[in-house]
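Structure data (mmCIF, C-alpha atoms and all ligand atoms; chains and numbers go by the auth columns) from data_21.cif:
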```
data_entry
#
loop_
_atom_site.group_PDB
_atom_site.id
_atom_site.type_symbol
_atom_site.label_atom_id
_atom_site.label_comp_id
_atom_site.label_asym_id
_atom_site.label_seq_id
_atom_site.Cartn_x
_atom_site.Cartn_y
_atom_site.Cartn_z
_atom_site.B_iso_or_equiv
_atom_site.auth_seq_id
_atom_site.auth_asym_id
ATOM 1 C CA MET A 1 -11.221 -15.538 -1.294 0.00 1 A
ATOM 2 C CA GLU A 2 -13.507 -14.724 1.647 0.00 2 A
ATOM 3 C CA THR A 3 -12.916 -11.269 3.147 0.00 3 A
ATOM 4 C CA TRP A 4 -11.907 -12.897 6.430 0.00 4 A
ATOM 5 C CA ASP A 5 -9.342 -15.059 4.643 0.00 5 A
ATOM 6 C CA ALA A 6 -7.950 -12.048 2.784 0.00 6 A
ATOM 7 C CA ILE A 7 -7.536 -10.152 6.072 0.00 7 A
ATOM 8 C CA ARG A 8 -5.714 -13.122 7.603 0.00 8 A
ATOM 9 C CA SER A 9 -3.575 -13.828 4.536 0.00 9 A
ATOM 10 C CA ARG A 10 -2.248 -10.349 3.765 0.00 10 A
ATOM 11 C CA ARG A 11 1.363 -9.871 4.732 0.00 11 A
ATOM 12 C CA ASN A 12 4.200 -7.787 3.362 0.00 12 A
ATOM 13 C CA VAL A 13 5.567 -9.722 0.386 0.00 13 A
ATOM 14 C CA ARG A 14 8.896 -8.335 -0.807 0.00 14 A
ATOM 15 C CA THR A 15 10.076 -10.957 -3.312 0.00 15 A
ATOM 16 C CA TYR A 16 8.172 -11.698 -6.487 0.00 16 A
ATOM 17 C CA THR A 17 8.192 -14.054 -9.452 0.00 17 A
ATOM 18 C CA ASP A 18 8.610 -12.627 -12.955 0.00 18 A
ATOM 19 C CA ALA A 19 4.868 -12.985 -13.639 0.00 19 A
ATOM 20 C CA PRO A 20 3.223 -9.733 -14.750 0.00 20 A
ATOM 21 C CA ILE A 21 -0.075 -8.548 -13.257 0.00 21 A
ATOM 22 C CA SER A 22 -2.898 -8.407 -15.789 0.00 22 A
ATOM 23 C CA GLY A 23 -4.519 -5.079 -16.584 0.00 23 A
ATOM 24 C CA GLN A 24 -7.814 -6.460 -15.323 0.00 24 A
ATOM 25 C CA HIS A 25 -6.314 -7.305 -11.929 0.00 25 A
ATOM 26 C CA LEU A 26 -4.486 -3.982 -11.683 0.00 26 A
ATOM 27 C CA ASN A 27 -7.712 -2.151 -12.419 0.00 27 A
ATOM 28 C CA ARG A 28 -9.587 -4.066 -9.746 0.00 28 A
ATOM 29 C CA ILE A 29 -6.905 -3.172 -7.172 0.00 29 A
ATOM 30 C CA LEU A 30 -7.016 0.492 -8.250 0.00 30 A
ATOM 31 C CA GLU A 31 -10.799 0.517 -8.108 0.00 31 A
ATOM 32 C CA ALA A 32 -10.576 -0.700 -4.513 0.00 32 A
ATOM 33 C CA GLY A 33 -8.486 2.393 -3.746 0.00 33 A
ATOM 34 C CA TRP A 34 -10.843 4.639 -5.688 0.00 34 A
ATOM 35 C CA ARG A 35 -13.840 3.302 -3.722 0.00 35 A
ATOM 36 C CA SER A 36 -12.237 3.983 -0.322 0.00 36 A
ATOM 37 C CA PRO A 37 -13.899 6.280 2.185 0.00 37 A
ATOM 38 C CA SER A 38 -12.288 9.588 3.109 0.00 38 A
ATOM 39 C CA GLY A 39 -12.998 12.438 5.504 0.00 39 A
ATOM 40 C CA MET A 40 -15.624 14.753 3.923 0.00 40 A
ATOM 41 C CA ASN A 41 -15.240 12.572 0.824 0.00 41 A
ATOM 42 C CA LEU A 42 -12.219 14.674 -0.175 0.00 42 A
ATOM 43 C CA GLN A 43 -10.512 11.681 -1.828 0.00 43 A
ATOM 44 C CA PRO A 44 -7.058 13.187 -1.316 0.00 44 A
ATOM 45 C CA TRP A 45 -5.274 10.785 -3.653 0.00 45 A
ATOM 46 C CA ASP A 46 -4.147 10.007 -7.157 0.00 46 A
ATOM 47 C CA PHE A 47 -2.643 6.660 -8.064 0.00 47 A
ATOM 48 C CA VAL A 48 0.315 6.432 -10.438 0.00 48 A
ATOM 49 C CA VAL A 49 0.822 2.887 -11.698 0.00 49 A
ATOM 50 C CA CYS A 50 4.359 1.947 -12.700 0.00 50 A
ATOM 51 C CA THR A 51 5.315 -1.253 -14.507 0.00 51 A
ATOM 52 C CA ASP A 52 8.400 -0.181 -16.452 0.00 52 A
ATOM 53 C CA ARG A 53 11.458 -1.988 -15.048 0.00 53 A
ATOM 54 C CA GLU A 54 13.784 1.037 -15.282 0.00 54 A
ATOM 55 C CA GLN A 55 11.211 3.342 -13.706 0.00 55 A
ATOM 56 C CA LEU A 56 10.685 0.844 -10.870 0.00 56 A
ATOM 57 C CA ALA A 57 14.449 0.728 -10.264 0.00 57 A
ATOM 58 C CA ASP A 58 14.534 4.535 -10.072 0.00 58 A
ATOM 59 C CA LEU A 59 11.530 4.619 -7.729 0.00 59 A
ATOM 60 C CA ALA A 60 13.180 2.127 -5.393 0.00 60 A
ATOM 61 C CA ARG A 61 15.849 4.762 -4.664 0.00 61 A
ATOM 62 C CA VAL A 62 13.449 7.145 -2.893 0.00 62 A
ATOM 63 C CA TRP A 63 13.893 5.382 0.446 0.00 63 A
ATOM 64 C CA GLN A 64 16.355 2.810 1.775 0.00 64 A
ATOM 65 C CA GLY A 65 13.434 0.539 2.720 0.00 65 A
ATOM 66 C CA ALA A 66 11.949 0.598 -0.795 0.00 66 A
ATOM 67 C CA GLY A 67 14.279 -1.899 -2.490 0.00 67 A
ATOM 68 C CA HIS A 68 11.412 -4.308 -3.152 0.00 68 A
ATOM 69 C CA VAL A 69 9.821 -1.743 -5.497 0.00 69 A
ATOM 70 C CA ALA A 70 12.591 -2.490 -8.023 0.00 70 A
ATOM 71 C CA ARG A 71 11.668 -6.183 -7.988 0.00 71 A
ATOM 72 C CA SER A 72 7.890 -5.682 -8.145 0.00 72 A
ATOM 73 C CA ALA A 73 5.713 -6.486 -11.140 0.00 73 A
ATOM 74 C CA ALA A 74 3.955 -3.172 -10.598 0.00 74 A
ATOM 75 C CA THR A 75 4.016 -0.429 -8.007 0.00 75 A
ATOM 76 C CA ILE A 76 1.230 2.000 -7.221 0.00 76 A
ATOM 77 C CA ALA A 77 2.489 5.384 -6.051 0.00 77 A
ATOM 78 C CA VAL A 78 -0.085 7.112 -3.857 0.00 78 A
ATOM 79 C CA VAL A 79 0.179 10.826 -4.605 0.00 79 A
ATOM 80 C CA SER A 80 -1.592 13.369 -2.429 0.00 80 A
ATOM 81 C CA PRO A 81 -2.059 17.135 -2.127 0.00 81 A
ATOM 82 C CA ARG A 82 0.604 18.627 0.141 0.00 82 A
ATOM 83 C CA PRO A 83 -1.023 19.197 3.545 0.00 83 A
ATOM 84 C CA GLU A 84 -1.549 22.871 4.344 0.00 84 A
ATOM 85 C CA ALA A 85 0.271 24.323 7.332 0.00 85 A
ATOM 86 C CA GLY A 86 -2.056 23.951 10.314 0.00 86 A
ATOM 87 C CA GLY A 87 -4.294 21.641 8.285 0.00 87 A
ATOM 88 C CA SER A 88 -5.352 18.178 9.254 0.00 88 A
ATOM 89 C CA GLU A 89 -2.456 15.984 8.189 0.00 89 A
ATOM 90 C CA GLY A 90 -3.724 13.332 10.593 0.00 90 A
ATOM 91 C CA MET A 91 -6.956 12.938 8.657 0.00 91 A
ATOM 92 C CA LEU A 92 -5.075 12.951 5.360 0.00 92 A
ATOM 93 C CA GLN A 93 -2.845 10.102 6.475 0.00 93 A
ATOM 94 C CA TYR A 94 -5.859 8.216 7.833 0.00 94 A
ATOM 95 C CA ASP A 95 -7.531 8.495 4.419 0.00 95 A
ATOM 96 C CA LEU A 96 -4.391 7.360 2.617 0.00 96 A
ATOM 97 C CA GLY A 97 -4.057 4.422 4.999 0.00 97 A
ATOM 98 C CA GLN A 98 -7.592 3.305 4.267 0.00 98 A
ATOM 99 C CA ALA A 99 -7.047 3.506 0.499 0.00 99 A
ATOM 100 C CA THR A 100 -3.782 1.601 0.879 0.00 100 A
ATOM 101 C CA MET A 101 -5.384 -1.170 2.907 0.00 101 A
ATOM 102 C CA ASN A 102 -8.346 -1.443 0.524 0.00 102 A
ATOM 103 C CA MET A 103 -5.927 -1.977 -2.366 0.00 103 A
ATOM 104 C CA MET A 104 -3.849 -4.461 -0.390 0.00 104 A
ATOM 105 C CA LEU A 105 -6.891 -6.536 0.517 0.00 105 A
ATOM 106 C CA ALA A 106 -8.195 -6.475 -3.066 0.00 106 A
ATOM 107 C CA ALA A 107 -4.775 -7.679 -4.244 0.00 107 A
ATOM 108 C CA THR A 108 -4.653 -10.398 -1.578 0.00 108 A
ATOM 109 C CA ASP A 109 -8.076 -11.562 -2.700 0.00 109 A
ATOM 110 C CA LEU A 110 -6.506 -12.148 -6.139 0.00 110 A
ATOM 111 C CA GLY A 111 -3.489 -13.952 -4.646 0.00 111 A
ATOM 112 C CA ILE A 112 -1.227 -10.975 -5.435 0.00 112 A
ATOM 113 C CA GLY A 113 1.408 -10.027 -2.868 0.00 113 A
ATOM 114 C CA THR A 114 1.751 -6.432 -1.674 0.00 114 A
ATOM 115 C CA ALA A 115 4.273 -4.423 0.294 0.00 115 A
ATOM 116 C CA HIS A 116 4.338 -0.893 1.646 0.00 116 A
ATOM 117 C CA ALA A 117 7.178 1.465 0.895 0.00 117 A
ATOM 118 C CA ALA A 118 7.686 4.882 2.411 0.00 118 A
ATOM 119 C CA VAL A 119 9.031 7.800 0.377 0.00 119 A
ATOM 120 C CA ARG A 120 11.895 9.907 1.759 0.00 120 A
ATOM 121 C CA ASP A 121 13.353 11.650 -1.310 0.00 121 A
ATOM 122 C CA GLN A 122 10.405 13.670 -2.611 0.00 122 A
ATOM 123 C CA ALA A 123 12.483 15.444 -5.290 0.00 123 A
ATOM 124 C CA LEU A 124 13.461 12.105 -6.812 0.00 124 A
ATOM 125 C CA ALA A 125 9.889 10.795 -6.554 0.00 125 A
ATOM 126 C CA GLN A 126 8.633 13.885 -8.400 0.00 126 A
ATOM 127 C CA GLU A 127 11.317 13.536 -11.064 0.00 127 A
ATOM 128 C CA VAL A 128 10.416 9.879 -11.670 0.00 128 A
ATOM 129 C CA LEU A 129 6.625 10.265 -11.446 0.00 129 A
ATOM 130 C CA GLY A 130 6.148 13.783 -12.831 0.00 130 A
ATOM 131 C CA PHE A 131 3.462 14.925 -10.387 0.00 131 A
ATOM 132 C CA PRO A 132 2.716 18.673 -9.936 0.00 132 A
ATOM 133 C CA ASP A 133 4.495 20.832 -7.352 0.00 133 A
ATOM 134 C CA ASP A 134 1.460 20.988 -5.028 0.00 134 A
ATOM 135 C CA ARG A 135 1.534 17.189 -4.549 0.00 135 A
ATOM 136 C CA PHE A 136 3.768 14.722 -2.750 0.00 136 A
ATOM 137 C CA CYS A 137 4.195 10.990 -3.021 0.00 137 A
ATOM 138 C CA ALA A 138 2.882 9.726 0.303 0.00 138 A
ATOM 139 C CA TRP A 139 3.384 5.968 -0.023 0.00 139 A
ATOM 140 C CA MET A 140 4.049 3.248 -2.541 0.00 140 A
ATOM 141 C CA ILE A 141 2.458 -0.179 -2.788 0.00 141 A
ATOM 142 C CA ALA A 142 4.608 -2.795 -4.500 0.00 142 A
ATOM 143 C CA LEU A 143 2.738 -5.675 -6.124 0.00 143 A
ATOM 144 C CA GLY A 144 3.719 -9.073 -7.453 0.00 144 A
ATOM 145 C CA ASP A 145 3.144 -12.774 -7.461 0.00 145 A
ATOM 146 C CA PRO A 146 4.762 -14.007 -4.182 0.00 146 A
ATOM 147 C CA ALA A 147 8.063 -15.792 -4.846 0.00 147 A
ATOM 148 C CA ASP A 148 8.209 -17.438 -1.421 0.00 148 A
ATOM 149 C CA ARG A 149 4.810 -19.032 -0.798 0.00 149 A
ATOM 150 C CA PRO A 150 1.191 -18.385 -1.728 0.00 150 A
ATOM 151 C CA LEU A 151 -0.999 -16.132 0.394 0.00 151 A
ATOM 152 C CA THR A 152 -2.839 -18.284 2.911 0.00 152 A
ATOM 153 C CA PRO A 153 -4.228 -17.412 6.352 0.00 153 A
ATOM 154 C CA ILE A 154 -1.434 -16.806 8.888 0.00 154 A
ATOM 155 C CA VAL A 155 -2.153 -18.833 12.009 0.00 155 A
ATOM 156 C CA HIS A 156 0.248 -17.035 14.362 0.00 156 A
ATOM 157 C CA PRO A 157 0.734 -13.442 13.168 0.00 157 A
ATOM 158 C CA ASN A 158 3.588 -11.417 14.659 0.00 158 A
ATOM 159 C CA ARG A 159 1.427 -9.201 16.807 0.00 159 A
ATOM 160 C CA ARG A 160 1.128 -8.042 20.425 0.00 160 A
ATOM 161 C CA PRO A 161 -1.036 -10.531 22.330 0.00 161 A
ATOM 162 C CA PHE A 162 -4.704 -10.039 21.445 0.00 162 A
ATOM 163 C CA ASP A 163 -5.779 -9.816 25.094 0.00 163 A
ATOM 164 C CA THR A 164 -3.368 -6.966 25.812 0.00 164 A
ATOM 165 C CA VAL A 165 -4.667 -4.977 22.850 0.00 165 A
ATOM 166 C CA VAL A 166 -8.421 -5.381 23.333 0.00 166 A
ATOM 167 C CA HIS A 167 -10.118 -3.692 26.299 0.00 167 A
ATOM 168 C CA HIS A 168 -13.783 -4.215 27.133 0.00 168 A
ATOM 169 C CA GLY A 169 -15.685 -1.285 28.591 0.00 169 A
ATOM 170 C CA THR A 170 -12.714 0.427 30.201 0.00 170 A
ATOM 171 C CA TRP A 171 -8.909 0.250 29.800 0.00 171 A
HETATM 172 C C1 LIG B . 2.874 3.267 7.509 0.00 201 B
HETATM 173 C C2 LIG B . 3.704 2.074 7.077 0.00 201 B
HETATM 174 C C3 LIG B . 4.945 2.268 6.478 0.00 201 B
HETATM 175 C C4 LIG B . 5.710 1.174 6.080 0.00 201 B
HETATM 176 N N1 LIG B . 6.884 1.393 5.409 0.00 201 B
HETATM 177 C C5 LIG B . 7.586 0.323 4.952 0.00 201 B
HETATM 178 C C6 LIG B . 8.762 0.524 4.166 0.00 201 B
HETATM 179 O O1 LIG B . 9.159 1.639 3.843 0.00 201 B
HETATM 180 N N2 LIG B . 9.426 -0.569 3.747 0.00 201 B
HETATM 181 C C7 LIG B . 9.014 -1.831 4.049 0.00 201 B
HETATM 182 O O2 LIG B . 9.684 -2.773 3.615 0.00 201 B
HETATM 183 N N3 LIG B . 7.910 -2.056 4.800 0.00 201 B
HETATM 184 C C8 LIG B . 7.176 -1.012 5.257 0.00 201 B
HETATM 185 N N4 LIG B . 6.037 -1.210 5.999 0.00 201 B
HETATM 186 C C9 LIG B . 5.612 -2.579 6.321 0.00 201 B
HETATM 187 C C10 LIG B . 5.645 -2.909 7.823 0.00 201 B
HETATM 188 O O3 LIG B . 6.977 -3.084 8.217 0.00 201 B
HETATM 189 C C11 LIG B . 4.788 -4.173 8.051 0.00 201 B
HETATM 190 O O4 LIG B . 3.442 -3.883 7.726 0.00 201 B
HETATM 191 C C12 LIG B . 4.838 -4.667 9.498 0.00 201 B
HETATM 192 O O5 LIG B . 6.142 -5.110 9.812 0.00 201 B
HETATM 193 C C13 LIG B . 3.872 -5.831 9.737 0.00 201 B
HETATM 194 O O6 LIG B . 4.136 -6.887 8.826 0.00 201 B
HETATM 195 P P1 LIG B . 3.010 -7.452 7.838 0.00 201 B
HETATM 196 O O7 LIG B . 2.548 -6.316 6.957 0.00 201 B
HETATM 197 O O8 LIG B . 3.716 -8.518 7.032 0.00 201 B
HETATM 198 O O9 LIG B . 1.901 -7.985 8.662 0.00 201 B
HETATM 199 C C14 LIG B . 5.236 -0.147 6.355 0.00 201 B
HETATM 200 C C15 LIG B . 3.977 -0.319 6.935 0.00 201 B
HETATM 201 C C16 LIG B . 3.206 0.770 7.268 0.00 201 B
HETATM 202 C C17 LIG B . 1.817 0.539 7.843 0.00 201 B
#
```

For this file, write the structure as structure tokens.
Amino acid sequence: METWDAIRSRRNVRTYTDAPISGQHLNRILEAGWRSPSGMNLQPWDFVVCTDREQLADLARVWQGAGHVARSAATIAVVSPRPEAGGSEGMLQYDLGQATMNMMLAATDLGIGTAHAAVRDQALAQEVLGFPDDRFCAWMIALGDPADRPLTPIVHPNRRPFDTVVHHGTW
């Protein structure tokens, strides 16, 4: 897929077929995250890949809006160092957002659907994923073959009107 088509085709996909994602495709998606830029090249992320059905069901309980994780073929948990008090959490979240989007676009390029999920219950996330105490699970990315329709460019995305968002020269 052309980059421009991938950008226009990505959408949150929350229902999936039973098709698994090949190891080759999963690795490409993970490599896209690994290649992402970050402030001072700190790379404040680790990626925990989950494909076990029971583990996915447990992970889906970390936030009420994470139900789709249970149905996914695979979910990537984005684990990050806990931000220090007074540190730059803004930059950390910016970095994590870039890595997330890189992985979502790489997946879209392969025709694989993706969906964000936030993480509320950190204790449960740590129990399920086993990360060290100085880390937290920032976000999850659910992956799977879209059950509704293939990923194709969205002609009318649900967005604020383009002309009210873009300003030329001054506000
Ligand atoms: C920071 C962030 C957190 C999100 N958290 C969730 C979530 O917990 N559960 C969910 O179903 N969708 C979540 N979303 C998906 C958004 O609702 C979605 O991106 C937005 O409605 C636009 O839809 P689209 O991605 O299909 O274009 C999240 C998106 C972002 C960027």

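Nearest residue to ligand LIG 201 (chain B) among A:Pro20, A:Gly144, A:Gly113, A:Gly39 is A:Gly113, counting only C-alpha atoms and all ligand atoms.
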
Using the file's own x, y and z axes, so that the box edges lie along x, y and z, what centre and edge lengths in Å (one decimal) does a box around every listed atom of ligand LIG 201 (chain B) get when 6 Å is added on each side? Give it as JSON.
```
{"center_x": 5.8, "center_y": -2.6, "center_z": 6.7, "size_x": 19.9, "size_y": 23.8, "size_z": 18.2}
```

If we count only C-alpha atoms, what is near A:Leu42 at a cut-off of 10 Å, once residues fewer than 5 positions away on the same chain are taken out, given as a short mmCIF file (atom, residue, chain, number, x, y, z; two decimals) with C-alpha atoms, in the coordinates of the input?
```cif
data_model
loop_
_atom_site.label_atom_id
_atom_site.label_comp_id
_atom_site.auth_asym_id
_atom_site.auth_seq_id
_atom_site.Cartn_x
_atom_site.Cartn_y
_atom_site.Cartn_z
CA PRO A 37 -13.90 6.28 2.18
CA LEU A 92 -5.08 12.95 5.36
CA ASP A 95 -7.53 8.49 4.42
#
```

Coordinates-based distance that separates atom CA of A:Thr152 from atom CA of A:Val78 (Å, one decimal): 26.4 Å

- prompt: Restricting the calculation to only C-alpha atoms, which member of A:Val166, A:Val48, A:Ile112, A:Val128 is positioned closest to A:His25?
  reply: A:Ile112

field: Minimum-distance residue to ligand LIG 201 (chain B), chosen among A:Thr75, A:Thr3, A:Thr108, A:Asn158 (using only C-alpha atoms and all ligand atoms)
entry: A:Asn158

Counting all atoms listed in the file, which residues of chain A fall within 6 Å of ligand LIG 201 (chain B), and what is the closest atom pair for each with its distance in Å at one decimal, ordered by chain and rising number, as JSON lines?
```
{"residue": "A:Arg11", "atom": "CA", "partner": "B:LIG201", "partner_atom": "O8", "distance": 3.6}
{"residue": "A:Asn12", "atom": "CA", "partner": "B:LIG201", "partner_atom": "O8", "distance": 3.8}
{"residue": "A:Gly65", "atom": "CA", "partner": "B:LIG201", "partner_atom": "N2", "distance": 4.3}
{"residue": "A:Ala66", "atom": "CA", "partner": "B:LIG201", "partner_atom": "N2", "distance": 5.3}
{"residue": "A:His116", "atom": "CA", "partner": "B:LIG201", "partner_atom": "C8", "distance": 4.6}
{"residue": "A:Ala117", "atom": "CA", "partner": "B:LIG201", "partner_atom": "O1", "distance": 3.6}
{"residue": "A:Ala118", "atom": "CA", "partner": "B:LIG201", "partner_atom": "O1", "distance": 3.8}
```

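Excluding A:Ala138 and any residue on its chain fewer than 4 positions from it, the residues at most 7 Å away by all atoms listed in the file are Val78, Val79, Ser80 and Val119 of chain A.
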
- prompt: If the PyMOL selection byres (((chain A and resi 100-102) around 9) and not hetatm) is run on the structure shown, which residues does it catch, given as a VMD selection string?
  reply: chain A and resid 29 32 to 33 35 to 36 78 95 to 99 103 to 107 116 139 to 141

File output, stretch 56-99 of chain A (C-alpha atoms) as a PDB file, in the first residue's frame:
```
ATOM      1  CA  LEU A  56      -5.759 -11.403  26.015  1.00  0.00           C
ATOM      2  CA  ALA A  57      -9.004 -11.871  27.965  1.00  0.00           C
ATOM      3  CA  ASP A  58      -7.206 -10.903  31.185  1.00  0.00           C
ATOM      4  CA  LEU A  59      -5.587  -7.877  29.531  1.00  0.00           C
ATOM      5  CA  ALA A  60      -8.954  -6.657  28.281  1.00  0.00           C
ATOM      6  CA  ARG A  61      -9.979  -6.129  31.923  1.00  0.00           C
ATOM      7  CA  VAL A  62      -7.476  -3.313  32.540  1.00  0.00           C
ATOM      8  CA  TRP A  63      -9.862  -0.671  31.204  1.00  0.00           C
ATOM      9  CA  GLN A  64     -13.569  -0.632  30.365  1.00  0.00           C
ATOM     10  CA  GLY A  65     -12.731   0.558  26.834  1.00  0.00           C
ATOM     11  CA  ALA A  66     -10.325  -2.332  26.181  1.00  0.00           C
ATOM     12  CA  GLY A  67     -12.856  -5.082  25.428  1.00  0.00           C
ATOM     13  CA  HIS A  68     -11.583  -5.446  21.864  1.00  0.00           C
ATOM     14  CA  VAL A  69      -8.222  -6.674  23.208  1.00  0.00           C
ATOM     15  CA  ALA A  70      -9.930  -9.951  24.185  1.00  0.00           C
ATOM     16  CA  ARG A  71     -11.084 -10.456  20.593  1.00  0.00           C
ATOM     17  CA  SER A  72      -7.787  -9.480  18.943  1.00  0.00           C
ATOM     18  CA  ALA A  73      -5.449 -11.878  17.172  1.00  0.00           C
ATOM     19  CA  ALA A  74      -2.563 -10.191  18.957  1.00  0.00           C
ATOM     20  CA  THR A  75      -2.105  -7.190  21.199  1.00  0.00           C
ATOM     21  CA  ILE A  76       1.063  -5.185  21.673  1.00  0.00           C
ATOM     22  CA  ALA A  77       1.382  -3.705  25.153  1.00  0.00           C
ATOM     23  CA  VAL A  78       3.547  -0.583  25.114  1.00  0.00           C
ATOM     24  CA  VAL A  79       5.477  -0.567  28.385  1.00  0.00           C
ATOM     25  CA  SER A  80       7.424   2.495  29.467  1.00  0.00           C
ATOM     26  CA  PRO A  81       9.600   3.706  32.347  1.00  0.00           C
ATOM     27  CA  ARG A  82       7.474   5.437  34.982  1.00  0.00           C
ATOM     28  CA  PRO A  83       7.888   9.194  34.456  1.00  0.00           C
ATOM     29  CA  GLU A  84       9.894  10.867  37.210  1.00  0.00           C
ATOM     30  CA  ALA A  85       8.169  13.493  39.326  1.00  0.00           C
ATOM     31  CA  GLY A  86       8.803  16.842  37.643  1.00  0.00           C
ATOM     32  CA  GLY A  87      10.096  15.047  34.549  1.00  0.00           C
ATOM     33  CA  SER A  88       8.847  15.504  31.046  1.00  0.00           C
ATOM     34  CA  GLU A  89       5.806  13.258  30.837  1.00  0.00           C
ATOM     35  CA  GLY A  90       4.644  15.292  27.849  1.00  0.00           C
ATOM     36  CA  MET A  91       7.664  14.260  25.808  1.00  0.00           C
ATOM     37  CA  LEU A  92       7.308  10.659  26.956  1.00  0.00           C
ATOM     38  CA  GLN A  93       3.718  10.501  25.765  1.00  0.00           C
ATOM     39  CA  TYR A  94       4.683  12.186  22.492  1.00  0.00           C
ATOM     40  CA  ASP A  95       7.314   9.488  21.917  1.00  0.00           C
ATOM     41  CA  LEU A  96       4.869   6.710  22.750  1.00  0.00           C
ATOM     42  CA  GLY A  97       2.301   8.231  20.402  1.00  0.00           C
ATOM     43  CA  GLN A  98       4.782   8.257  17.553  1.00  0.00           C
ATOM     44  CA  ALA A  99       5.740   4.614  18.141  1.00  0.00           C
TER      45      ALA A  99
END
```
